[in-house]
Amino acid sequence: MNGPATTGAGTAQETRQSPGAPTVGGSLRAARFLAWLRQHRGMAAAAVVVAGALALIIGTQLAPKGDTLPLSVHNAGPEGARALGEILGRHGVSVRTPTRFDAALEDLHSSSSPTLLLYDRYGVLDAQQLAGLVSAAGRVVVVTPRLETLAALDSGIHQAGVVPDASPVLNPGCAYPDAEAAGQVTGEGGFVYDGGTTCYRAAGAAGMLAVSADGRLAVLGSTAVLGNDKLDELGNAALAVRTLGASRDLVWYLPSIEDATADGSGKTLDDLAPGWARFLGPWLLVVALAAIVWRGRRHGPLVFEPLPVVVKAVETAEGRARLYQDSRAVEQARDNLRAGLLVRLARKLRLGPGATAEETIAAAARLLGRDAAGVRMLINERPTTEARLVAWSQAMDKLEKEVMTR
């Protein structure tokens with residue numbers, strides 16, 4: 001009794017799988033998955049490519065981007081001013097970089113006598129905003145201002161043109177202390193102004209640097225003097241530091257399009273758009289969804305046709321003949337019929353693939369015992385009407401049959 005029971009227990013233990021061994025169901029699922037993957041490897045590869053492209057696009061969009069604004073103290077590119085910001089910081093100047101009009105006013109009011117650098121390249125600030133900035137700042141340095149900006153500042157300084165290409169380097173030419181200490185600066189691509197004290201004159205009384213009578217407003221007509229690209233040339237760095245480093249606090253303000261409505265007087269796109277425009281987006285979405293459903297639905301089951309498809313020669317000939325008839329291509333049809341006849345006659349007469357038309361005509365005439373001129377006239381005839389083309393083709397067919405039966 002005990003012996004058989006022990007043997008049965010041992011057999012059960014032997015057939016029991018170990019915990020780490022793979023199950024039969026798991027192996028079957030893996031085999032099915034591999035079979036499905038082999039069957040749909042094209043779709044799987046496309047899915048992997050699409051997923052990789054999406055990951056690359058999302059990663060590129062979410063990756064931190066450097067500052068590329070011209071004359072920004074955070075921009076290390078040639079058009080940026082990061083180098084000047086570092087130099088001013090080493091000279092004990094606290095450089096603040098507000099991005100909005102309200103923040104710029106707050107930074108100006110928080111200091112006793114700050115210097116304001118204003119580079120409004122788009123001219124988005126209006127007269128009221130400019131007046132608020134000028135009144136809050138102890139000294140204002142405006143870089144390449146537009147005509148509207150200069151008119152709103154009402155400082156007596158006016159734009160007078162551009163620096164000539166023949167003057168890439170400008171001398172101070174004035175008694176202004178900062179210009180005299182800096183010496184020569186880059187004049188390439190600069191603007192000149194008239195009014196107040198003008199320095200770095202290119203021609204006449206207009207200069208690239210103009211300072212108002214009270215000394216609170218300075219207009220600099222060049223971004224190259226402050227930019228990273230040419231800051232180490234001539235006296236650019238000296239003029240920039242002396243012009244902007246007079247105060248311990250410097251507000252570096254570059255207005256953007258968002259500041260155009262900072263005072264509440266401007267109009268946004270929603271204000272300018274007509275009333276019905278708000279319904280345009282949902283309507284276009286509905287139309288797009290309808291088009292997707294319409295074009296995406298199946299038009300019945302797919303029809304499988306074995307390939308390659310064999311088309312009979314007679315069907316091809318008839319189809320081409322109908323095309324010639326529809327287009328009234330009598331000349332083209334005549335050339336094809338003549339070329340085919342000559343090839344078949346040359347093959348029958350064993351003239352070889354290099355035989356000319358004259359050799360083929362002469363051989364056919366000798367075989368039939370006819371005059372070569374008559375055969376040549378028939379083969380080289382050019383029918384001008386469809387009726388004559390039919391009659392000519394029948395004569396050609398008769399000639400071919402005579403040669404083939406000999």
# chains A, B, ... in the order shown; residues from 1 in each chain; ligands from 1
$ select_by_dssp --residues "stretch 44-222 of chain A" --states "strand (DSSP E or B)" --output "ChimeraX atom specification"
/A:94-96,115-118,139-143,158-162,169-170,185-186,191-194,197-203,206-211,217-220
$ closest_atom_pairs --of "stretch 117-184 of chain A" --to "stretch 222-246 of chain A" --cutoff "10 Å" --atoms "only C-alpha atoms" --output "tab-separated table"
residue	atom	partner	partner_atom	distance
A:Leu117	CA	A:Leu244	CA	7.5
A:Tyr119	CA	A:Thr223	CA	9.2
A:Arg139	CA	A:Ala246	CA	8.8
A:Val140	CA	A:Leu244	CA	9.0
A:Val141	CA	A:Leu244	CA	7.5
A:Val143	CA	A:Ser222	CA	6.7
A:Thr144	CA	A:Ser222	CA	6.1
A:Pro145	CA	A:Ser222	CA	9.9
A:Val162	CA	A:Ser222	CA	10.0
A:Val163	CA	A:Ser222	CA	9.6
A:Val169	CA	A:Leu234	CA	8.6
A:Leu170	CA	A:Leu234	CA	9.9
A:Asn171	CA	A:Gly235	CA	9.9
A:Pro177	CA	A:Arg242	CA	9.2
A:Asp178	CA	A:Arg242	CA	5.9
A:Ala179	CA	A:Leu239	CA	6.4
A:Glu180	CA	A:Leu239	CA	9.0
A:Ala181	CA	A:Ala238	CA	7.6
A:Ala182	CA	A:Gly235	CA	5.0
A:Gly183	CA	A:Gly235	CA	5.5
A:Gln184	CA	A:Gly235	CA	5.4
$ select_by_dssp --residues "stretch 47-236 of chain A" --states "alpha helix (DSSP H)" --output "NGL selection string"
:A and (47-62 or 82-90 or 101-109 or 127-136 or 147-153 or 177-182 or 236)
$ atom_distance --atom1 "atom CA of A:Ser72" --atom2 "atom CA of A:Pro172"
26.1 Å
$ atom_distance --atom1 "atom CA of A:Glu188" --atom2 "atom CA of A:Pro168"
4.7 Å
$ residues_around --residues "A:Val211" --least-positions-apart "3" --cutoff "7 Å" --atoms "only C-alpha atoms" --output "list of chain:residue names"
A:Gly196, A:Thr197, A:Thr198, A:Gly215, A:Leu217, A:Ala218, A:Val219
$ decode --residues "stretch 355-388 of chain A" --atoms "N, CA, C and O atoms" --output "PDB file, in the first residue's frame"
ATOM      1  N   ALA A 355      18.569  45.686 -92.456  1.00  0.00           N
ATOM      2  CA  ALA A 355      18.152  45.975 -93.833  1.00  0.00           C
ATOM      3  C   ALA A 355      17.399  47.292 -93.901  1.00  0.00           C
ATOM      4  O   ALA A 355      16.583  47.616 -93.036  1.00  0.00           O
ATOM      5  N   THR A 356      17.680  48.068 -94.950  1.00  0.00           N
ATOM      6  CA  THR A 356      16.990  49.344 -95.149  1.00  0.00           C
ATOM      7  C   THR A 356      15.681  49.112 -95.884  1.00  0.00           C
ATOM      8  O   THR A 356      15.394  48.010 -96.387  1.00  0.00           O
ATOM      9  N   ALA A 357      14.873  50.187 -95.948  1.00  0.00           N
ATOM     10  CA  ALA A 357      13.592  50.092 -96.647  1.00  0.00           C
ATOM     11  C   ALA A 357      13.788  49.805 -98.125  1.00  0.00           C
ATOM     12  O   ALA A 357      13.048  49.002 -98.733  1.00  0.00           O
ATOM     13  N   GLU A 358      14.785  50.436 -98.752  1.00  0.00           N
ATOM     14  CA  GLU A 358      15.038  50.219-100.177  1.00  0.00           C
ATOM     15  C   GLU A 358      15.458  48.780-100.447  1.00  0.00           C
ATOM     16  O   GLU A 358      15.044  48.152-101.439  1.00  0.00           O
ATOM     17  N   GLU A 359      16.291  48.209 -99.574  1.00  0.00           N
ATOM     18  CA  GLU A 359      16.715  46.819 -99.761  1.00  0.00           C
ATOM     19  C   GLU A 359      15.535  45.864 -99.621  1.00  0.00           C
ATOM     20  O   GLU A 359      15.414  44.884-100.366  1.00  0.00           O
ATOM     21  N   THR A 360      14.661  46.149 -98.673  1.00  0.00           N
ATOM     22  CA  THR A 360      13.492  45.289 -98.480  1.00  0.00           C
ATOM     23  C   THR A 360      12.543  45.376 -99.672  1.00  0.00           C
ATOM     24  O   THR A 360      12.005  44.358-100.140  1.00  0.00           O
ATOM     25  N   ILE A 361      12.317  46.601-100.175  1.00  0.00           N
ATOM     26  CA  ILE A 361      11.430  46.774-101.339  1.00  0.00           C
ATOM     27  C   ILE A 361      11.993  46.070-102.556  1.00  0.00           C
ATOM     28  O   ILE A 361      11.278  45.381-103.312  1.00  0.00           O
ATOM     29  N   ALA A 362      13.311  46.223-102.783  1.00  0.00           N
ATOM     30  CA  ALA A 362      13.942  45.578-103.943  1.00  0.00           C
ATOM     31  C   ALA A 362      13.852  44.061-103.843  1.00  0.00           C
ATOM     32  O   ALA A 362      13.565  43.361-104.838  1.00  0.00           O
ATOM     33  N   ALA A 363      14.058  43.500-102.639  1.00  0.00           N
ATOM     34  CA  ALA A 363      13.990  42.040-102.475  1.00  0.00           C
ATOM     35  C   ALA A 363      12.576  41.531-102.685  1.00  0.00           C
ATOM     36  O   ALA A 363      12.363  40.467-103.287  1.00  0.00           O
ATOM     37  N   ALA A 364      11.576  42.274-102.182  1.00  0.00           N
ATOM     38  CA  ALA A 364      10.184  41.862-102.366  1.00  0.00           C
ATOM     39  C   ALA A 364       9.792  41.913-103.832  1.00  0.00           C
ATOM     40  O   ALA A 364       9.070  41.024-104.333  1.00  0.00           O
ATOM     41  N   ALA A 365      10.247  42.937-104.554  1.00  0.00           N
ATOM     42  CA  ALA A 365       9.936  43.046-105.978  1.00  0.00           C
ATOM     43  C   ALA A 365      10.553  41.890-106.756  1.00  0.00           C
ATOM     44  O   ALA A 365       9.937  41.316-107.678  1.00  0.00           O
ATOM     45  N   ARG A 366      11.804  41.512-106.439  1.00  0.00           N
ATOM     46  CA  ARG A 366      12.457  40.393-107.121  1.00  0.00           C
ATOM     47  C   ARG A 366      11.729  39.088-106.837  1.00  0.00           C
ATOM     48  O   ARG A 366      11.569  38.238-107.727  1.00  0.00           O
ATOM     49  N   LEU A 367      11.259  38.937-105.570  1.00  0.00           N
ATOM     50  CA  LEU A 367      10.563  37.705-105.239  1.00  0.00           C
ATOM     51  C   LEU A 367       9.242  37.579-105.982  1.00  0.00           C
ATOM     52  O   LEU A 367       8.869  36.486-106.442  1.00  0.00           O
ATOM     53  N   LEU A 368       8.532  38.694-106.120  1.00  0.00           N
ATOM     54  CA  LEU A 368       7.228  38.668-106.780  1.00  0.00           C
ATOM     55  C   LEU A 368       7.338  38.843-108.288  1.00  0.00           C
ATOM     56  O   LEU A 368       6.317  38.699-108.998  1.00  0.00           O
ATOM     57  N   GLY A 369       8.515  39.201-108.804  1.00  0.00           N
ATOM     58  CA  GLY A 369       8.682  39.428-110.217  1.00  0.00           C
ATOM     59  C   GLY A 369       7.991  40.695-110.684  1.00  0.00           C
ATOM     60  O   GLY A 369       7.557  40.760-111.851  1.00  0.00           O
ATOM     61  N   ARG A 370       7.958  41.679-109.852  1.00  0.00           N
ATOM     62  CA  ARG A 370       7.313  42.945-110.190  1.00  0.00           C
ATOM     63  C   ARG A 370       8.368  44.028-110.371  1.00  0.00           C
ATOM     64  O   ARG A 370       9.547  43.864-110.014  1.00  0.00           O
ATOM     65  N   ASP A 371       7.866  45.173-110.873  1.00  0.00           N
ATOM     66  CA  ASP A 371       8.728  46.342-111.013  1.00  0.00           C
ATOM     67  C   ASP A 371       8.944  46.957-109.620  1.00  0.00           C
ATOM     68  O   ASP A 371       7.994  47.196-108.869  1.00  0.00           O
ATOM     69  N   ALA A 372      10.200  47.197-109.276  1.00  0.00           N
ATOM     70  CA  ALA A 372      10.508  47.756-107.945  1.00  0.00           C
ATOM     71  C   ALA A 372       9.894  49.136-107.767  1.00  0.00           C
ATOM     72  O   ALA A 372       9.528  49.523-106.648  1.00  0.00           O
ATOM     73  N   ALA A 373       9.755  49.913-108.844  1.00  0.00           N
ATOM     74  CA  ALA A 373       9.182  51.266-108.720  1.00  0.00           C
ATOM     75  C   ALA A 373       7.734  51.191-108.272  1.00  0.00           C
ATOM     76  O   ALA A 373       7.263  52.008-107.473  1.00  0.00           O
ATOM     77  N   GLY A 374       6.971  50.217-108.797  1.00  0.00           N
ATOM     78  CA  GLY A 374       5.577  50.099-108.398  1.00  0.00           C
ATOM     79  C   GLY A 374       5.426  49.703-106.951  1.00  0.00           C
ATOM     80  O   GLY A 374       4.568  50.226-106.226  1.00  0.00           O
ATOM     81  N   VAL A 375       6.252  48.741-106.508  1.00  0.00           N
ATOM     82  CA  VAL A 375       6.201  48.337-105.093  1.00  0.00           C
ATOM     83  C   VAL A 375       6.616  49.488-104.192  1.00  0.00           C
ATOM     84  O   VAL A 375       6.042  49.728-103.128  1.00  0.00           O
ATOM     85  N   ARG A 376       7.665  50.233-104.623  1.00  0.00           N
ATOM     86  CA  ARG A 376       8.128  51.381-103.826  1.00  0.00           C
ATOM     87  C   ARG A 376       7.048  52.447-103.730  1.00  0.00           C
ATOM     88  O   ARG A 376       6.854  53.053-102.677  1.00  0.00           O
ATOM     89  N   MET A 377       6.348  52.709-104.820  1.00  0.00           N
ATOM     90  CA  MET A 377       5.285  53.716-104.808  1.00  0.00           C
ATOM     91  C   MET A 377       4.158  53.312-103.857  1.00  0.00           C
ATOM     92  O   MET A 377       3.602  54.136-103.141  1.00  0.00           O
ATOM     93  N   LEU A 378       3.835  52.034-103.822  1.00  0.00           N
ATOM     94  CA  LEU A 378       2.773  51.570-102.925  1.00  0.00           C
ATOM     95  C   LEU A 378       3.187  51.701-101.462  1.00  0.00           C
ATOM     96  O   LEU A 378       2.430  52.216-100.636  1.00  0.00           O
ATOM     97  N   ILE A 379       4.398  51.238-101.159  1.00  0.00           N
ATOM     98  CA  ILE A 379       4.830  51.251 -99.750  1.00  0.00           C
ATOM     99  C   ILE A 379       5.076  52.668 -99.265  1.00  0.00           C
ATOM    100  O   ILE A 379       4.791  53.003 -98.106  1.00  0.00           O
ATOM    101  N   ASN A 380       5.584  53.562-100.113  1.00  0.00           N
ATOM    102  CA  ASN A 380       5.908  54.933 -99.682  1.00  0.00           C
ATOM    103  C   ASN A 380       4.747  55.906 -99.862  1.00  0.00           C
ATOM    104  O   ASN A 380       4.929  57.118 -99.679  1.00  0.00           O
ATOM    105  N   GLU A 381       3.595  55.435-100.244  1.00  0.00           N
ATOM    106  CA  GLU A 381       2.445  56.328-100.421  1.00  0.00           C
ATOM    107  C   GLU A 381       2.045  56.951 -99.080  1.00  0.00           C
ATOM    108  O   GLU A 381       2.150  56.313 -98.018  1.00  0.00           O
ATOM    109  N   ARG A 382       1.549  58.203 -99.123  1.00  0.00           N
ATOM    110  CA  ARG A 382       1.120  58.915 -97.918  1.00  0.00           C
ATOM    111  C   ARG A 382      -0.353  59.280 -98.045  1.00  0.00           C
ATOM    112  O   ARG A 382      -0.686  60.316 -98.610  1.00  0.00           O
ATOM    113  N   PRO A 383      -1.250  58.448 -97.522  1.00  0.00           N
ATOM    114  CA  PRO A 383      -2.685  58.761 -97.589  1.00  0.00           C
ATOM    115  C   PRO A 383      -2.989  60.016 -96.780  1.00  0.00           C
ATOM    116  O   PRO A 383      -2.408  60.250 -95.710  1.00  0.00           O
ATOM    117  N   THR A 384      -3.942  60.794 -97.275  1.00  0.00           N
ATOM    118  CA  THR A 384      -4.329  62.043 -96.597  1.00  0.00           C
ATOM    119  C   THR A 384      -5.709  61.970 -95.959  1.00  0.00           C
ATOM    120  O   THR A 384      -6.070  62.852 -95.184  1.00  0.00           O
ATOM    121  N   THR A 385      -6.477  60.974 -96.288  1.00  0.00           N
ATOM    122  CA  THR A 385      -7.817  60.810 -95.714  1.00  0.00           C
ATOM    123  C   THR A 385      -7.917  59.429 -95.087  1.00  0.00           C
ATOM    124  O   THR A 385      -7.133  58.504 -95.390  1.00  0.00           O
ATOM    125  N   GLU A 386      -8.919  59.284 -94.241  1.00  0.00           N
ATOM    126  CA  GLU A 386      -9.115  58.003 -93.581  1.00  0.00           C
ATOM    127  C   GLU A 386      -9.560  56.932 -94.582  1.00  0.00           C
ATOM    128  O   GLU A 386      -9.164  55.761 -94.465  1.00  0.00           O
ATOM    129  N   ALA A 387     -10.388  57.317 -95.546  1.00  0.00           N
ATOM    130  CA  ALA A 387     -10.837  56.347 -96.556  1.00  0.00           C
ATOM    131  C   ALA A 387      -9.659  55.827 -97.373  1.00  0.00           C
ATOM    132  O   ALA A 387      -9.532  54.616 -97.642  1.00  0.00           O
ATOM    133  N   ARG A 388      -8.782  56.750 -97.786  1.00  0.00           N
ATOM    134  CA  ARG A 388      -7.614  56.328 -98.555  1.00  0.00           C
ATOM    135  C   ARG A 388      -6.671  55.494 -97.694  1.00  0.00           C
ATOM    136  O   ARG A 388      -6.013  54.572 -98.186  1.00  0.00           O
TER     137      ARG A 388
END
